[in-house]
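K.L.:
Sharing my_file-v2.txt (compact mmCIF, C-alpha atoms) below.
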# COMPACT_ATOMS: atom_id res chain seq x y z
CA MET A 1 118.39 97.39 85.61
CA SER A 2 120.40 94.31 86.35
CA GLY A 3 119.06 91.43 88.40
CA ALA A 4 120.71 92.79 91.54
CA ARG A 5 118.35 94.84 93.65
CA LEU A 6 119.47 98.07 95.20
CA ARG A 7 118.66 98.84 98.81
CA GLY A 8 117.83 102.08 100.51
CA THR A 9 120.21 103.84 102.84
CA ASP A 10 118.46 102.61 105.97
CA GLY A 11 120.80 99.70 106.66
CA GLY A 12 118.19 96.99 106.17
CA MET A 13 115.55 98.40 108.51
CA THR A 14 111.90 98.56 107.45
CA SER A 15 111.19 101.30 104.93
CA ILE A 16 107.92 102.49 103.45
CA TYR A 17 107.79 103.24 99.73
CA ILE A 18 104.91 105.43 98.55
CA ASP A 19 103.74 105.40 94.95
CA ALA A 20 102.96 109.05 95.59
CA ASP A 21 101.43 110.54 92.44
CA ALA A 22 97.83 109.70 93.35
CA CYS A 23 98.17 108.64 96.99
CA PRO A 24 95.35 109.95 99.23
CA VAL A 25 96.87 108.64 102.49
CA LYS A 26 100.27 110.37 102.64
CA ASP A 27 99.52 112.01 106.01
CA GLU A 28 98.50 108.68 107.55
CA ILE A 29 101.67 107.01 106.26
CA LEU A 30 103.84 109.76 107.69
CA ARG A 31 102.07 109.48 111.06
CA VAL A 32 102.74 105.72 111.28
CA ALA A 33 106.31 106.09 109.99
CA SER A 34 107.06 108.83 112.51
CA ARG A 35 105.69 106.73 115.38
CA HIS A 36 108.03 103.87 114.40
CA GLY A 37 110.99 105.94 113.19
CA LEU A 38 110.83 104.48 109.66
CA GLN A 39 112.43 105.84 106.51
CA VAL A 40 109.86 106.86 103.90
CA TYR A 41 110.53 107.16 100.18
CA MET A 42 107.88 109.31 98.50
CA VAL A 43 108.36 108.40 94.84
CA SER A 44 106.73 110.43 92.09
CA ASN A 45 107.07 111.54 88.51
CA GLY A 46 107.05 115.12 89.77
CA GLY A 47 104.63 117.67 91.11
CA ILE A 48 104.74 116.78 94.80
CA ARG A 49 106.01 119.09 97.49
CA PRO A 50 109.04 117.75 99.38
CA SER A 51 108.40 116.98 103.04
CA PRO A 52 110.47 118.76 105.67
CA ASP A 53 110.44 115.56 107.77
CA PRO A 54 114.00 114.15 107.97
CA LEU A 55 112.60 110.60 107.70
CA VAL A 56 111.06 111.38 104.29
CA GLN A 57 113.09 111.27 101.12
CA THR A 58 111.28 112.72 98.11
CA VAL A 59 112.30 110.92 94.92
CA ILE A 60 111.46 112.34 91.51
CA ALA A 61 111.77 109.43 89.11
CA PRO A 62 113.23 109.96 85.67
CA GLU A 63 110.84 110.54 82.76
CA GLY A 64 109.37 107.51 81.12
CA PRO A 65 106.59 104.99 81.55
CA ASP A 66 106.56 103.26 84.92
CA ALA A 67 109.84 104.91 85.99
CA ALA A 68 108.56 105.55 89.53
CA ASP A 69 107.32 101.96 89.77
CA MET A 70 110.69 100.62 88.60
CA TRP A 71 112.51 102.80 91.15
CA ILE A 72 110.45 101.29 93.95
CA ALA A 73 110.61 97.69 92.68
CA ASP A 74 114.41 97.90 92.32
CA ARG A 75 114.82 98.85 95.97
CA ILE A 76 112.10 97.16 98.02
CA GLY A 77 113.00 94.03 99.94
CA PRO A 78 111.98 91.84 102.86
CA GLY A 79 110.55 93.88 105.72
CA ASP A 80 109.69 96.85 103.48
CA ILE A 81 106.19 98.06 102.61
CA CYS A 82 104.88 99.70 99.44
CA VAL A 83 101.70 101.77 99.42
CA THR A 84 100.20 101.67 95.93
CA GLY A 85 97.09 101.16 93.90
CA ASP A 86 99.16 99.80 91.01
CA ILE A 87 98.65 96.03 90.81
CA PRO A 88 101.71 95.21 88.64
CA LEU A 89 103.92 97.24 91.02
CA ALA A 90 102.43 95.39 94.00
CA ALA A 91 103.21 92.09 92.28
CA ARG A 92 106.84 93.12 91.76
CA CYS A 93 107.12 94.20 95.41
CA LEU A 94 105.82 90.83 96.56
CA GLU A 95 108.28 89.06 94.23
CA HIS A 96 111.12 90.94 95.96
CA GLY A 97 109.94 89.89 99.43
CA GLY A 98 108.29 93.19 100.34
CA ALA A 99 104.71 93.84 101.36
CA ALA A 100 102.17 95.96 99.50
CA ILE A 101 98.94 97.63 100.53
CA ARG A 102 96.25 99.61 98.71
CA HIS A 103 95.20 103.08 99.82
CA ASN A 104 92.00 101.64 101.31
CA GLY A 105 93.92 99.19 103.50
CA ASP A 106 93.43 96.07 101.39
CA PRO A 107 96.71 94.16 101.38
CA PHE A 108 98.19 92.59 98.28
CA THR A 109 99.30 89.05 99.12
CA PRO A 110 100.86 86.11 97.28
CA ASP A 111 97.44 84.44 97.56
CA ASN A 112 95.46 87.27 95.94
CA ILE A 113 97.87 88.97 93.53
CA GLY A 114 97.35 86.52 90.64
CA HIS A 115 93.59 87.02 90.74
CA GLN A 116 94.00 90.80 90.94
CA LEU A 117 96.35 90.84 87.94
CA ALA A 118 93.89 88.71 85.95
CA MET A 119 90.96 90.98 86.87
CA ARG A 120 92.99 94.05 85.93
CA ASP A 121 93.72 92.56 82.51
CA LEU A 122 90.09 91.52 82.03
CA MET A 123 88.84 95.01 82.89
CA ALA A 124 91.38 96.58 80.50
CA ASP A 125 90.12 94.28 77.73
CA MET A 126 86.52 95.22 78.51
CA ARG A 127 87.32 98.93 78.42
CA ALA A 128 89.13 98.49 75.10
CA ALA A 129 86.12 96.65 73.65
CA ASN A 130 83.77 99.47 74.64
CA PRO A 131 84.77 102.53 72.59
CA LEU A 132 81.98 104.64 74.12
CA GLY A 133 83.54 104.28 77.55
CA ALA A 134 80.33 103.34 79.34
CA GLY A 135 80.78 102.22 82.91
CA GLY A 136 82.07 104.26 85.79
CA GLY A 137 85.14 104.17 87.92
CA GLY A 138 85.38 102.81 91.42
CA ARG A 139 83.56 104.08 94.45
CA PRO A 140 84.76 107.28 96.14
CA PHE A 141 87.49 107.11 98.80
CA SER A 142 85.80 107.28 102.22
CA LYS A 143 86.63 108.01 105.85
CA ALA A 144 86.19 104.29 106.52
CA ASP A 145 88.81 103.53 103.82
CA ARG A 146 91.22 105.97 105.48
CA SER A 147 90.64 104.42 108.91
CA ASN A 148 90.99 100.88 107.54
CA PHE A 149 94.23 101.87 105.83
CA LEU A 150 95.68 103.35 109.01
CA ASN A 151 94.86 100.22 111.04
CA ARG A 152 96.20 97.81 108.42
CA LEU A 153 99.38 99.81 107.84
CA GLU A 154 100.09 99.80 111.58
CA THR A 155 99.61 96.02 111.65
CA MET A 156 101.87 95.57 108.60
CA VAL A 157 104.60 97.76 110.10
CA GLN A 158 104.57 95.79 113.33
CA ALA A 159 104.80 92.52 111.37
CA ALA A 160 107.54 93.89 109.07
CA LYS A 161 109.67 94.99 111.99
CA ARG A 162 109.74 91.35 113.14
CA VAL A 163 111.14 90.17 109.75
Just give me the structure of the file as C-alpha cells.
P.N.:
Amino acid sequence: MSGARLRGTDGGMTSIYIDADACPVKDEILRVASRHGLQVYMVSNGGIRPSPDPLVQTVIAPEGPDAADMWIADRIGPGDICVTGDIPLAARCLEHGGAAIRHNGDPFTPDNIGHQLAMRDLMADMRAANPLGAGGGGRPFSKADRSNFLNRLETMVQAAKRV
C-alpha cells in the first residue's frame, strides 16, 4: 500500500483491532468494547464465525502471507488498540501511533518492542539451528492470563479514549 494510512469508518474514535486467527480472548475484548461502545475489527485469514454484534466487523483478509497483519497496520492509528501475539505487527501498530497488547495482558510499548523483536529473531535462529526441534513452546494460557488481559485492556481503553 502507499504511505497513506487508511482509517476505519468510526470517525476517529477508538477502535480495537483483533488479530483473530489464534486469539483466545475474543469474548473479553467484546465485553470491554461493548461497555465502551467501541468498534471492533476482527481480522482473520478465514475460518472465524461472524459476530452478530453491530459493533463488530468481521474482516477476512485476502490470501497471502501477513495479509491480515497488513490490513490492521494500514488502518490503526492514535487512540486505537491492537490485540495480537505477533511482535512485528505490534511494532507496526506502535509506529502508526496505536497501542498493542498480547493475549495475556502484556503491553507492547516503544520501550520494549525493540528487545522483543530481537528476542523473536534470536529464537527463530535457534530453532533453525536445531533441526530436531528440541525445546517446547510457551506455557499454557491460564485463567490468570485471561484476568490480567481483561484488566490491562480496560486500562488501555480508558487511556486511549483520552487521546
K.L.:
Which residues of segment 52-103 of chain A sit at most 12 Å from segment 141-148 of chain A, using all atoms listed in the file? Give each one's shortest atom pair and distance in Å (one decimal place), in chain and ascending residue order, as a Markdown table.
P.N.:
| residue | atom | partner | partner_atom | distance |
| --- | --- | --- | --- | --- |
| A:Ile101 | CA | A:Asn148 | CA | 11.1 |
| A:Arg102 | CA | A:Asp145 | CA | 9.8 |
| A:His103 | CA | A:Arg146 | CA | 7.5 |
K.L.:
Residues at most 9 Å from Ala99 of chain A, counting all atoms listed in the file, excluding those fewer than 6 positions away in the same chain, as an MDAnalysis selection string?
P.N.:
chainID A and resid 76:83 90 93 107:109 156 160
K.L.:
Using all atoms listed in the file for the distances, tell me which of A:Met42, A:Asn104, A:Met119, A:Gly114 is nearest to Pro140 of chain A.
P.N.:
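When distances to Pro140 of chain A are compared using all atoms listed in the file, the smallest one comes from A:Asn104.
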K.L.:
Here is a test: counting only C-alpha atoms, which residue of A:Leu153, A:Leu89, A:Val43, A:Leu38 is nearest to Ile18 of chain A?
P.N.:
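So, comparing all the options, the nearest one is A:Val43.
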K.L.:
How many Å separate atom CA of His36 of chain A from atom CA of Pro62 of chain A?
P.N.:
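Pair atom CA of His36 of chain A / atom CA of Pro62 of chain A returns 29.8 Å.
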K.L.:
Quick one: pull the distance between atom CA of Ser34 of chain A and atom CA of Glu95 of chain A, Å, one decimal.
P.N.:
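Between atom CA of Ser34 of chain A and atom CA of Glu95 of chain A the gap is 27.0 Å.
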K.L.:
Which value, in Å to one decimal, gives the distance between atom CA of Gln158 of chain A and atom CA of Ile16 of chain A?
P.N.:
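The value is 12.4 Å.
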K.L.:
Using only C-alpha atoms for the distances, tell me which of A:Ser44, A:Ser51, A:Ser15, A:Gln116 is nearest to Lys161 of chain A.
P.N.:
A:Ser15
K.L.:
Which residues are close to Ile60 of chain A, i.e. within 12 Å by all atoms listed in the file, leaving aside same-chain residues fewer than 5 positions away? Reply as a VMD selection string.
P.N.:
chain A and resid 18 to 21 41 to 50 67 to 69 71 to 72
K.L.:
So, with all atoms listed in the file as the atoms that count, which of A:Pro65, A:Gly98, A:Pro88, A:Gly105 lies closest to Pro24 of chain A?
P.N.:
A:Gly105
